[in-house]
Structure formats: C-alpha cells, structure tokens
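**Q** Below you'll find target-v7.pdb; it's PDB, C-alpha atoms, pLDDT in the B column.
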```
ATOM      1  CA  MET A   1     -65.543 -21.651 -14.938  1.00 45.00           C
ATOM      2  CA  SER A   2     -63.644 -24.980 -14.875  1.00 43.00           C
ATOM      3  CA  GLU A   3     -62.474 -24.415 -18.461  1.00 45.00           C
ATOM      4  CA  THR A   4     -61.020 -21.051 -17.472  1.00 43.00           C
ATOM      5  CA  ARG A   5     -59.148 -22.607 -14.527  1.00 44.00           C
ATOM      6  CA  SER A   6     -57.792 -25.330 -16.842  1.00 45.00           C
ATOM      7  CA  THR A   7     -56.582 -22.728 -19.341  1.00 44.00           C
ATOM      8  CA  ASP A   8     -54.911 -20.715 -16.544  1.00 48.00           C
ATOM      9  CA  ARG A   9     -53.182 -23.832 -15.289  1.00 45.00           C
ATOM     10  CA  ARG A  10     -51.868 -24.610 -18.763  1.00 44.00           C
ATOM     11  CA  ARG A  11     -50.603 -21.061 -19.151  1.00 48.00           C
ATOM     12  CA  GLY A  12     -48.979 -21.240 -15.727  1.00 48.00           C
ATOM     13  CA  SER A  13     -47.285 -24.508 -16.628  1.00 51.00           C
ATOM     14  CA  VAL A  14     -45.957 -23.022 -19.866  1.00 46.00           C
ATOM     15  CA  ALA A  15     -44.682 -19.953 -17.997  1.00 49.00           C
ATOM     16  CA  VAL A  16     -42.924 -22.079 -15.375  1.00 47.00           C
ATOM     17  CA  GLY A  17     -41.342 -24.148 -18.091  1.00 51.00           C
ATOM     18  CA  VAL A  18     -40.055 -21.076 -19.912  1.00 45.00           C
ATOM     19  CA  VAL A  19     -38.614 -19.633 -16.689  1.00 45.00           C
ATOM     20  CA  ALA A  20     -36.934 -22.929 -15.863  1.00 50.00           C
ATOM     21  CA  ALA A  21     -35.431 -23.140 -19.341  1.00 49.00           C
ATOM     22  CA  LEU A  22     -34.120 -19.582 -19.123  1.00 46.00           C
ATOM     23  CA  ALA A  23     -32.684 -20.231 -15.663  1.00 48.00           C
ATOM     24  CA  GLY A  24     -30.905 -23.315 -16.926  1.00 52.00           C
ATOM     25  CA  LEU A  25     -29.469 -21.339 -19.823  1.00 46.00           C
ATOM     26  CA  LEU A  26     -28.235 -18.609 -17.463  1.00 48.00           C
ATOM     27  CA  PHE A  27     -26.631 -21.122 -15.124  1.00 49.00           C
ATOM     28  CA  ALA A  28     -24.921 -22.853 -18.012  1.00 49.00           C
ATOM     29  CA  THR A  29     -23.676 -19.539 -19.408  1.00 46.00           C
ATOM     30  CA  SER A  30     -22.417 -18.446 -15.968  1.00 47.00           C
ATOM     31  CA  ALA A  31     -20.615 -21.722 -15.471  1.00 49.00           C
ATOM     32  CA  THR A  32     -18.946 -21.344 -18.860  1.00 49.00           C
ATOM     33  CA  LEU A  33     -17.852 -17.784 -18.085  1.00 43.00           C
ATOM     34  CA  LEU A  34     -16.537 -18.763 -14.674  1.00 46.00           C
ATOM     35  CA  LYS A  35     -14.633 -21.628 -16.241  1.00 48.00           C
ATOM     36  CA  ASP A  36     -13.100 -19.253 -18.770  1.00 46.00           C
ATOM     37  CA  ASP A  37     -12.164 -16.806 -15.988  1.00 46.00           C
ATOM     38  CA  ALA A  38     -10.631 -19.613 -13.981  1.00 46.00           C
ATOM     39  CA  ASP A  39      -8.581 -20.645 -16.983  1.00 43.00           C
ATOM     40  CA  ARG A  40      -7.306 -17.090 -17.407  1.00 42.00           C
ATOM     41  CA  SER A  41      -6.638 -16.471 -13.692  1.00 47.00           C
ATOM     42  CA  PRO A  42      -3.230 -17.348 -12.223  1.00 50.00           C
ATOM     43  CA  THR A  43      -3.378 -20.205  -9.762  1.00 55.00           C
ATOM     44  CA  ASN A  44      -0.077 -19.326  -8.092  1.00 61.00           C
ATOM     45  CA  LEU A  45      -0.505 -16.802  -5.262  1.00 60.00           C
ATOM     46  CA  VAL A  46       2.747 -15.045  -6.123  1.00 58.00           C
ATOM     47  CA  ASP A  47       1.628 -14.609  -9.744  1.00 65.00           C
ATOM     48  CA  LEU A  48      -1.773 -13.399  -8.540  1.00 67.00           C
ATOM     49  CA  ALA A  49      -0.104 -10.813  -6.307  1.00 64.00           C
ATOM     50  CA  ARG A  50       1.970  -9.592  -9.247  1.00 69.00           C
ATOM     51  CA  VAL A  51      -1.086  -9.337 -11.477  1.00 73.00           C
ATOM     52  CA  GLU A  52      -3.017  -7.395  -8.835  1.00 71.00           C
ATOM     53  CA  THR A  53      -0.043  -5.115  -8.156  1.00 71.00           C
ATOM     54  CA  ALA A  54       0.295  -4.317 -11.850  1.00 74.00           C
ATOM     55  CA  ARG A  55      -3.424  -3.628 -12.089  1.00 74.00           C
ATOM     56  CA  LEU A  56      -3.249  -1.327  -9.070  1.00 71.00           C
ATOM     57  CA  GLU A  57      -0.303   0.568 -10.534  1.00 72.00           C
ATOM     58  CA  ASP A  58      -2.230   1.093 -13.777  1.00 76.00           C
ATOM     59  CA  ASN A  59      -5.248   2.361 -11.822  1.00 74.00           C
ATOM     60  CA  GLU A  60      -3.107   4.721  -9.752  1.00 69.00           C
ATOM     61  CA  ALA A  61      -1.503   6.141 -12.894  1.00 73.00           C
ATOM     62  CA  GLU A  62      -4.942   6.699 -14.400  1.00 76.00           C
ATOM     63  CA  VAL A  63      -6.180   8.384 -11.206  1.00 69.00           C
ATOM     64  CA  ALA A  64      -3.123  10.654 -11.134  1.00 69.00           C
ATOM     65  CA  ALA A  65      -3.697  11.669 -14.777  1.00 76.00           C
ATOM     66  CA  LEU A  66      -7.373  12.372 -14.124  1.00 75.00           C
ATOM     67  CA  ARG A  67      -6.486  14.411 -11.037  1.00 69.00           C
ATOM     68  CA  LYS A  68      -4.146  16.573 -13.118  1.00 73.00           C
ATOM     69  CA  GLN A  69      -6.887  17.135 -15.698  1.00 75.00           C
ATOM     70  CA  ARG A  70      -9.327  18.076 -12.948  1.00 72.00           C
ATOM     71  CA  ASP A  71      -6.874  20.540 -11.376  1.00 68.00           C
ATOM     72  CA  ALA A  72      -6.222  22.135 -14.762  1.00 75.00           C
ATOM     73  CA  LEU A  73      -9.960  22.532 -15.432  1.00 76.00           C
ATOM     74  CA  VAL A  74     -10.599  23.984 -11.971  1.00 69.00           C
ATOM     75  CA  ALA A  75      -7.697  26.421 -12.335  1.00 68.00           C
ATOM     76  CA  ALA A  76      -9.004  27.555 -15.722  1.00 74.00           C
ATOM     77  CA  GLN A  77     -12.432  28.329 -14.269  1.00 71.00           C
ATOM     78  CA  GLN A  78     -11.171  30.234 -11.219  1.00 63.00           C
ATOM     79  CA  PRO A  79     -10.409  33.984 -11.319  1.00 59.00           C
ATOM     80  CA  GLN A  80      -6.723  34.857 -11.423  1.00 57.00           C
ATOM     81  CA  VAL A  81      -6.078  36.348  -7.981  1.00 51.00           C
ATOM     82  CA  GLU A  82      -3.105  36.322  -5.692  1.00 54.00           C
ATOM     83  CA  PRO A  83      -4.411  35.006  -2.356  1.00 50.00           C
ATOM     84  CA  ASP A  84      -2.236  34.245   0.608  1.00 51.00           C
ATOM     85  CA  ASP A  85      -2.180  30.461   0.267  1.00 55.00           C
ATOM     86  CA  THR A  86       0.620  29.752   2.721  1.00 53.00           C
ATOM     87  CA  GLY A  87      -1.769  27.773   4.864  1.00 51.00           C
ATOM     88  CA  ALA A  88      -2.909  25.719   1.882  1.00 52.00           C
ATOM     89  CA  ASP A  89       0.695  24.974   0.955  1.00 54.00           C
ATOM     90  CA  LEU A  90       1.472  23.787   4.475  1.00 49.00           C
ATOM     91  CA  THR A  91      -1.640  21.606   4.487  1.00 54.00           C
ATOM     92  CA  ALA A  92      -0.654  20.048   1.156  1.00 52.00           C
ATOM     93  CA  LEU A  93       2.854  19.422   2.481  1.00 55.00           C
ATOM     94  CA  ALA A  94       1.552  17.775   5.657  1.00 54.00           C
ATOM     95  CA  ALA A  95      -0.774  15.585   3.578  1.00 57.00           C
ATOM     96  CA  GLY A  96       2.076  14.577   1.291  1.00 66.00           C
ATOM     97  CA  ARG A  97       0.407  16.084  -1.773  1.00 66.00           C
ATOM     98  CA  THR A  98       3.481  18.135  -2.708  1.00 84.00           C
ATOM     99  CA  PRO A  99       6.745  16.749  -4.133  1.00 90.00           C
ATOM    100  CA  VAL A 100       9.605  17.737  -1.830  1.00 94.00           C
ATOM    101  CA  THR A 101      13.388  17.835  -1.878  1.00 95.00           C
ATOM    102  CA  GLY A 102      15.789  18.346   0.987  1.00 96.00           C
ATOM    103  CA  PRO A 103      18.492  16.922   3.215  1.00 97.00           C
ATOM    104  CA  GLY A 104      17.794  13.945   5.418  1.00 98.00           C
ATOM    105  CA  VAL A 105      18.690  10.355   6.164  1.00 98.00           C
ATOM    106  CA  ILE A 106      18.202   6.940   4.557  1.00 98.00           C
ATOM    107  CA  VAL A 107      17.816   3.760   6.608  1.00 98.00           C
ATOM    108  CA  GLU A 108      17.906   0.268   5.122  1.00 98.00           C
ATOM    109  CA  LEU A 109      16.928  -3.032   6.771  1.00 97.00           C
ATOM    110  CA  TRP A 110      17.161  -6.535   5.313  1.00 97.00           C
ATOM    111  CA  ASP A 111      16.891 -10.182   6.344  1.00 95.00           C
ATOM    112  CA  ALA A 112      19.779 -12.128   7.807  1.00 94.00           C
ATOM    113  CA  PRO A 113      21.306 -15.049   5.885  1.00 90.00           C
ATOM    114  CA  ALA A 114      20.235 -18.433   7.186  1.00 84.00           C
ATOM    115  CA  PRO A 115      23.127 -20.323   8.798  1.00 82.00           C
ATOM    116  CA  PRO A 116      23.460 -24.049   8.047  1.00 80.00           C
ATOM    117  CA  ASP A 117      23.145 -24.853  11.768  1.00 78.00           C
ATOM    118  CA  LEU A 118      20.052 -22.724  12.456  1.00 73.00           C
ATOM    119  CA  ALA A 119      18.372 -25.235  14.761  1.00 69.00           C
ATOM    120  CA  ALA A 120      21.606 -26.144  16.507  1.00 67.00           C
ATOM    121  CA  GLY A 121      22.170 -22.469  17.319  1.00 67.00           C
ATOM    122  CA  GLY A 122      18.802 -22.217  19.018  1.00 74.00           C
ATOM    123  CA  LEU A 123      17.498 -19.804  16.389  1.00 78.00           C
ATOM    124  CA  HIS A 124      14.069 -19.650  14.787  1.00 82.00           C
ATOM    125  CA  PRO A 125      13.484 -18.577  11.164  1.00 84.00           C
ATOM    126  CA  ASP A 126      11.525 -15.573  12.454  1.00 84.00           C
ATOM    127  CA  ASP A 127      14.707 -14.338  14.136  1.00 86.00           C
ATOM    128  CA  LEU A 128      16.259 -13.785  10.707  1.00 91.00           C
ATOM    129  CA  VAL A 129      13.418 -11.717   9.196  1.00 92.00           C
ATOM    130  CA  VAL A 130      12.697  -7.994   9.311  1.00 95.00           C
ATOM    131  CA  HIS A 131       9.300  -7.668  10.982  1.00 94.00           C
ATOM    132  CA  GLN A 132       6.590  -5.035  10.892  1.00 94.00           C
ATOM    133  CA  GLN A 133       7.522  -3.762  14.353  1.00 95.00           C
ATOM    134  CA  ASP A 134      11.101  -3.233  13.188  1.00 96.00           C
ATOM    135  CA  LEU A 135       9.963  -0.965  10.363  1.00 96.00           C
ATOM    136  CA  GLU A 136       7.539   0.821  12.672  1.00 95.00           C
ATOM    137  CA  ALA A 137      10.329   1.399  15.203  1.00 97.00           C
ATOM    138  CA  VAL A 138      12.437   3.219  12.614  1.00 97.00           C
ATOM    139  CA  ILE A 139       9.470   5.149  11.196  1.00 96.00           C
ATOM    140  CA  ASN A 140       8.314   6.320  14.632  1.00 95.00           C
ATOM    141  CA  ALA A 141      11.842   7.332  15.611  1.00 97.00           C
ATOM    142  CA  LEU A 142      12.203   9.414  12.445  1.00 97.00           C
ATOM    143  CA  TRP A 143       8.870  11.169  13.024  1.00 95.00           C
ATOM    144  CA  THR A 144       9.940  11.838  16.611  1.00 96.00           C
ATOM    145  CA  GLY A 145      13.202  13.279  15.320  1.00 97.00           C
ATOM    146  CA  GLY A 146      11.302  15.898  13.311  1.00 95.00           C
ATOM    147  CA  ALA A 147      11.001  14.278   9.890  1.00 95.00           C
ATOM    148  CA  GLU A 148       9.096  16.631   7.604  1.00 94.00           C
ATOM    149  CA  ALA A 149       8.428  14.043   4.892  1.00 94.00           C
ATOM    150  CA  MET A 150       9.005  10.321   4.603  1.00 95.00           C
ATOM    151  CA  MET A 151       9.121   7.643   1.949  1.00 95.00           C
ATOM    152  CA  ILE A 152       9.275   3.829   2.103  1.00 96.00           C
ATOM    153  CA  GLN A 153      10.752   2.152  -0.959  1.00 95.00           C
ATOM    154  CA  ASP A 154       9.448   4.339  -3.801  1.00 91.00           C
ATOM    155  CA  GLN A 155       6.256   5.516  -2.100  1.00 92.00           C
ATOM    156  CA  ARG A 156       5.548   8.643  -0.074  1.00 94.00           C
ATOM    157  CA  ILE A 157       3.788   7.850   3.195  1.00 90.00           C
ATOM    158  CA  THR A 158       1.370   9.945   5.237  1.00 83.00           C
ATOM    159  CA  ALA A 159      -0.447   9.753   8.554  1.00 74.00           C
ATOM    160  CA  THR A 160      -3.020   7.437   6.949  1.00 76.00           C
ATOM    161  CA  SER A 161      -0.452   5.012   5.530  1.00 83.00           C
ATOM    162  CA  SER A 162      -0.571   1.465   6.852  1.00 83.00           C
ATOM    163  CA  VAL A 163       2.640  -0.569   7.001  1.00 87.00           C
ATOM    164  CA  ARG A 164       1.978  -4.316   7.137  1.00 89.00           C
ATOM    165  CA  CYS A 165       4.266  -7.309   6.814  1.00 88.00           C
ATOM    166  CA  VAL A 166       3.316 -10.883   5.965  1.00 84.00           C
ATOM    167  CA  GLY A 167       6.379 -13.023   6.469  1.00 77.00           C
ATOM    168  CA  ASN A 168       9.164 -11.129   4.749  1.00 79.00           C
ATOM    169  CA  VAL A 169       6.825  -9.320   2.348  1.00 89.00           C
ATOM    170  CA  LEU A 170       5.923  -5.670   2.951  1.00 92.00           C
ATOM    171  CA  LEU A 171       2.403  -4.555   2.002  1.00 90.00           C
ATOM    172  CA  LEU A 172       2.167  -0.804   1.421  1.00 89.00           C
ATOM    173  CA  HIS A 173      -0.635   1.023  -0.368  1.00 84.00           C
ATOM    174  CA  GLY A 174      -1.665  -2.197  -2.085  1.00 84.00           C
ATOM    175  CA  ARG A 175       1.796  -3.064  -3.389  1.00 89.00           C
ATOM    176  CA  HIS A 176       4.184  -5.831  -2.353  1.00 90.00           C
ATOM    177  CA  TYR A 177       7.876  -5.352  -1.576  1.00 93.00           C
ATOM    178  CA  SER A 178      10.694  -7.654  -0.566  1.00 92.00           C
ATOM    179  CA  PRO A 179      13.784  -6.682   1.457  1.00 94.00           C
ATOM    180  CA  PRO A 180      15.936  -4.714   1.585  1.00 96.00           C
ATOM    181  CA  TYR A 181      13.530  -2.095   2.924  1.00 97.00           C
ATOM    182  CA  ARG A 182      14.536   1.508   2.354  1.00 97.00           C
ATOM    183  CA  ILE A 183      13.137   4.293   4.550  1.00 97.00           C
ATOM    184  CA  SER A 184      13.965   7.886   3.570  1.00 97.00           C
ATOM    185  CA  ALA A 185      13.216  10.926   5.726  1.00 97.00           C
ATOM    186  CA  ILE A 186      13.694  14.630   5.025  1.00 97.00           C
ATOM    187  CA  GLY A 187      14.668  16.773   7.984  1.00 96.00           C
ATOM    188  CA  ASP A 188      17.643  17.790  10.107  1.00 97.00           C
ATOM    189  CA  PRO A 189      20.040  14.842   9.602  1.00 97.00           C
ATOM    190  CA  GLN A 190      21.651  15.242  13.014  1.00 97.00           C
ATOM    191  CA  ALA A 191      18.308  15.332  14.838  1.00 97.00           C
ATOM    192  CA  LEU A 192      17.066  12.323  12.865  1.00 98.00           C
ATOM    193  CA  ARG A 193      20.217  10.351  13.642  1.00 98.00           C
ATOM    194  CA  GLU A 194      19.952  11.145  17.340  1.00 98.00           C
ATOM    195  CA  ALA A 195      16.292  10.081  17.430  1.00 98.00           C
ATOM    196  CA  VAL A 196      17.113   6.744  15.804  1.00 98.00           C
ATOM    197  CA  ASP A 197      20.149   6.143  18.034  1.00 97.00           C
ATOM    198  CA  THR A 198      18.160   6.799  21.222  1.00 97.00           C
ATOM    199  CA  SER A 199      15.041   4.803  20.283  1.00 97.00           C
ATOM    200  CA  PRO A 200      14.611   1.768  22.615  1.00 97.00           C
ATOM    201  CA  ASP A 201      12.669  -0.130  19.924  1.00 97.00           C
ATOM    202  CA  VAL A 202      15.358   0.448  17.310  1.00 97.00           C
ATOM    203  CA  ALA A 203      17.942  -0.654  19.882  1.00 97.00           C
ATOM    204  CA  VAL A 204      16.190  -4.038  20.148  1.00 96.00           C
ATOM    205  CA  TYR A 205      16.441  -4.523  16.388  1.00 97.00           C
ATOM    206  CA  ARG A 206      20.101  -3.552  16.391  1.00 97.00           C
ATOM    207  CA  GLN A 207      20.772  -6.184  19.046  1.00 95.00           C
ATOM    208  CA  TYR A 208      19.592  -8.765  16.509  1.00 94.00           C
ATOM    209  CA  VAL A 209      21.796  -7.087  13.913  1.00 96.00           C
ATOM    210  CA  ASP A 210      24.796  -7.929  16.073  1.00 94.00           C
ATOM    211  CA  ALA A 211      23.491 -11.336  17.173  1.00 91.00           C
ATOM    212  CA  VAL A 212      22.161 -12.954  13.986  1.00 91.00           C
ATOM    213  CA  GLY A 213      23.276 -10.661  11.158  1.00 93.00           C
ATOM    214  CA  LEU A 214      20.107  -8.738  10.334  1.00 96.00           C
ATOM    215  CA  GLY A 215      20.840  -5.936   7.884  1.00 97.00           C
ATOM    216  CA  TRP A 216      21.278  -2.322   8.987  1.00 98.00           C
ATOM    217  CA  ALA A 217      22.529   0.723   7.110  1.00 98.00           C
ATOM    218  CA  PHE A 218      22.208   4.402   8.017  1.00 98.00           C
ATOM    219  CA  GLU A 219      23.422   7.267   5.886  1.00 97.00           C
ATOM    220  CA  GLU A 220      22.928  11.009   5.666  1.00 97.00           C
ATOM    221  CA  SER A 221      22.094  12.651   2.354  1.00 97.00           C
ATOM    222  CA  ASP A 222      22.342  16.264   1.237  1.00 96.00           C
ATOM    223  CA  GLU A 223      19.403  15.902  -1.130  1.00 96.00           C
ATOM    224  CA  ILE A 224      16.510  13.449  -1.157  1.00 96.00           C
ATOM    225  CA  ASP A 225      13.745  13.724  -3.765  1.00 95.00           C
ATOM    226  CA  MET A 226      10.280  12.512  -2.821  1.00 94.00           C
ATOM    227  CA  PRO A 227       7.212  12.330  -5.079  1.00 91.00           C
ATOM    228  CA  ALA A 228       3.785  13.517  -4.019  1.00 88.00           C
ATOM    229  CA  TYR A 229       1.423  11.037  -2.397  1.00 83.00           C
ATOM    230  CA  THR A 230      -1.324  10.179  -4.909  1.00 75.00           C
ATOM    231  CA  GLY A 231      -3.448   7.800  -2.845  1.00 66.00           C
ATOM    232  CA  SER A 232      -6.643   8.461  -0.914  1.00 60.00           C
ATOM    233  CA  LEU A 233      -6.596  10.547   2.284  1.00 57.00           C
ATOM    234  CA  ARG A 234     -10.071   9.442   3.305  1.00 59.00           C
ATOM    235  CA  LEU A 235     -10.403   8.313   6.934  1.00 51.00           C
ATOM    236  CA  GLU A 236     -12.659   5.304   7.417  1.00 55.00           C
ATOM    237  CA  HIS A 237     -12.818   5.140  11.216  1.00 49.00           C
ATOM    238  CA  ALA A 238     -12.005   8.649  12.476  1.00 50.00           C
ATOM    239  CA  GLN A 239     -13.491  12.108  12.291  1.00 53.00           C
ATOM    240  CA  ALA A 240     -12.661  15.583  13.537  1.00 53.00           C
ATOM    241  CA  GLY A 241     -13.456  16.046  17.225  1.00 51.00           C
TER     242      GLY A 241
END
```
Spell out the structure here as structure tokens.
**A**
Amino acid sequence: MSETRSTDRRRGSVAVGVVAALAGLLFATSATLLKDDADRSPTNLVDLARVETARLEDNEAEVAALRKQRDALVAAQQPQVEPDDTGADLTALAAGRTPVTGPGVIVELWDAPAPPDLAAGGLHPDDLVVHQQDLEAVINALWTGGAEAMMIQDQRITATSSVRCVGNVLLLHGRHYSPPYRISAIGDPQALREAVDTSPDVAVYRQYVDAVGLGWAFEESDEIDMPAYTGSLRLEHAQAG
C-alpha cells in the first residue's frame, strides 16, 4: 500500500511539473505576442483613431457588399409578384435605408479663430469651439421644420444616430470629423429656414457668431443627394410599447 502511494506521489509530481512547464511556455509566448502587437500598434492617440476609423470604414464597406448579396439572393428566391409595397417604401425612407435626392438646405458651422489677446478679452478657449449642443440645436430645428432626410458630413443620420463631440472632434457612427461641420437636410427650404431662424437654441449659437467669430453659413439648394444609411438600426435600450 505504501509503495502505491509513493508511486502516485511521483506521478503527481511529474504531472505538476509538466503543467508548470507548459504554463511557463504559454506565458512566455503570450508575452512575446503582446510585445509584437505593442510594437505594431500606434502609440499616438490621433494615429490610433485614424487606424480604427480606416478599419471601421473597411468593415462597413464589407457589410454593405454582403447586404447587397443577401438582398439579391432573397429576391431570386421570392416569387415575382406585384404587391403594394408603398408602406415598405415609406418605412425604408424613414429608416434612411433608401438613397434620396431633393431640394433642401445646407448649414455649416466651424470654430472661431483664436485672437492673440484671448485672456485679456475675457474669453475661454471653449467659447471659440463648436460644441455638441450647437450641432444638436441645428439638427433639432431642421427636424422641427419638416426635414424628410438629413446628413452630417458624408453620413446619413437616422433616429438612432448619436452625435457626440470631444473637444472640437465630432464622433459619428464610429468616425471622427473636424470642423467645418456640414449639415444637409432635404425638405421645404423655406420651412427649414424659418425653423432654424426661430430656434432659441440656434439663436444662442448665432450670438457667439457675432461676438467671437464662430462660423455660420446657411444656403438653400435645389438638389441634395444623400446616400442610404448602412449602419445598424438595432435599439439597445428601447422597445415597442
């Protein structure tokens, strides 16, 4: 009986030793891989943002191509009928899934130049920057004015779009933009202009336009082309009531 216990202990010691050796090898390999990744990764945050933006754009292009392939396969399998799909078309338009063209307005906002006597004038650097609430003021005014479709920079926005600013950098759908910020809206140009002109929040921004030189441009256009929204429409924190 004692010989058996001694043999078991020896086997257990050998097993523990093998496991320890394997663990050490794994840790060493992981450390080497992490070191290699660190060497390949950009250390500058701006460069990292550019790398991630480029990666996101590649992924979005791949998703768009796969979506087209899926739609083509589904269409090929469905019977050729002529249903009344007016409701479906309106739903796709409201969700931004359809490219659209029409008259509307274009609003641009940009940062003010920094004067040499900024501190002496009682100004703060934040006074010279276009903020998130400034963009939201224009966006909300345009929706109120009956905008049927909207785009910021080169991206179509929907009800699930989140507009965020960090300093003077706009974060939209995972991409980064610097001013000037361009907001396009399709709808009745006169109604859109009136909604912007009568918005109290936009009026606050335009006071800073006159006071410190923040950028403001408003123009009507006979034809604005907008691409379809290709991002996710999934709601994370809301559901139908």
**Q** May I ask for the distance between atom CA of Tyr205 of chain A and atom CA of Ile183 of chain A, given in Å to one decimal place?
**A** 15.1 Å
**Q** Could you produce a table of the residues of segment 197-232 of chain A lying within 6 Å of segment 106-110 of chain A, with the nearest pair of atoms per residue and their separation in Å rounded to one decimal, using only C-alpha atoms, ordered by chain and increasing residue number, as a Markdown table?
**A**
```
| residue | atom | partner | partner_atom | distance |
| --- | --- | --- | --- | --- |
| A:Gly215 | CA | A:Trp110 | CA | 4.5 |
| A:Trp216 | CA | A:Leu109 | CA | 4.9 |
| A:Ala217 | CA | A:Glu108 | CA | 5.1 |
| A:Phe218 | CA | A:Val107 | CA | 4.7 |
| A:Glu219 | CA | A:Ile106 | CA | 5.4 |
```
**Q** How would you write, as number ranges by chain, the residues chosen by the PyMOL selection byres ((chain A and resi 209) around 12) on this structure?
**A** A: 109-113, 127-130, 134, 202-208, 210-217
**Q** Restricted to C-alpha atoms, what would the selected residues look like written as a short mmCIF file (atom, residue, chain, number, x, y, z; two decimals), keeping the file's coordinate frame?
**A**
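Final file, again08.cif:
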```
data_model
loop_
_atom_site.label_atom_id
_atom_site.label_comp_id
_atom_site.auth_asym_id
_atom_site.auth_seq_id
_atom_site.Cartn_x
_atom_site.Cartn_y
_atom_site.Cartn_z
CA LEU A 109 16.93 -3.03 6.77
CA TRP A 110 17.16 -6.54 5.31
CA ASP A 111 16.89 -10.18 6.34
CA ALA A 112 19.78 -12.13 7.81
CA PRO A 113 21.31 -15.05 5.88
CA ASP A 127 14.71 -14.34 14.14
CA LEU A 128 16.26 -13.78 10.71
CA VAL A 129 13.42 -11.72 9.20
CA VAL A 130 12.70 -7.99 9.31
CA ASP A 134 11.10 -3.23 13.19
CA VAL A 202 15.36 0.45 17.31
CA ALA A 203 17.94 -0.65 19.88
CA VAL A 204 16.19 -4.04 20.15
CA TYR A 205 16.44 -4.52 16.39
CA ARG A 206 20.10 -3.55 16.39
CA GLN A 207 20.77 -6.18 19.05
CA TYR A 208 19.59 -8.76 16.51
CA ASP A 210 24.80 -7.93 16.07
CA ALA A 211 23.49 -11.34 17.17
CA VAL A 212 22.16 -12.95 13.99
CA GLY A 213 23.28 -10.66 11.16
CA LEU A 214 20.11 -8.74 10.33
CA GLY A 215 20.84 -5.94 7.88
CA TRP A 216 21.28 -2.32 8.99
CA ALA A 217 22.53 0.72 7.11
#
```
**Q** Just to confirm, what's the straight-line distance from atom CA of Ile152 of chain A to atom CA of Tyr181 of chain A in Å (one decimal)?
**A**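 For atom CA of Ile152 of chain A relative to atom CA of Tyr181 of chain A, the distance reads 7.3 Å.
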**Q** Using all atoms listed in the file for the distances, tell me which of A:Asp197, A:Glu57, A:Glu148, A:Asp188 is nearest to Val105 of chain A.
**A** A:Asp188
**Q** Calculated over only C-alpha atoms, which of the candidates A:Val169, A:Ala228, A:Ala137, A:Val196 has the smallest distance to Arg156 of chain A?
**A** A:Ala228
**Q** Quick one: distance from atom CA of Ile139 of chain A to atom CA of Pro115 of chain A in Å, one decimal?
**A**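 Value for the atom CA of Ile139 of chain A-atom CA of Pro115 of chain A distance: 29.0 Å.
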**Q** Please return the centre and edge lengths, in Å to one decimal, of a box with edges along x, y and z that contains all listed atoms of segment 204-220 of chain A, widened by 3 Å on every side, as JSON.
**A**
```
{"center_x": 20.5, "center_y": -1.0, "center_z": 12.9, "size_x": 14.6, "size_y": 30.0, "size_z": 20.5}
```
**Q** Mind telling me what the PyMOL selection byres ((chain A and resi 164) around 12) catches here, as an NGL selection string?
**A** :A and (130-136 or 161-163 or 165-177)
**Q** Can you work out which one of A:Leu123, A:Met226, A:Leu192, A:Leu118 has the shortest atom-to-atom distance to Ile157 of chain A, counting only C-alpha atoms?
**A** A:Met226
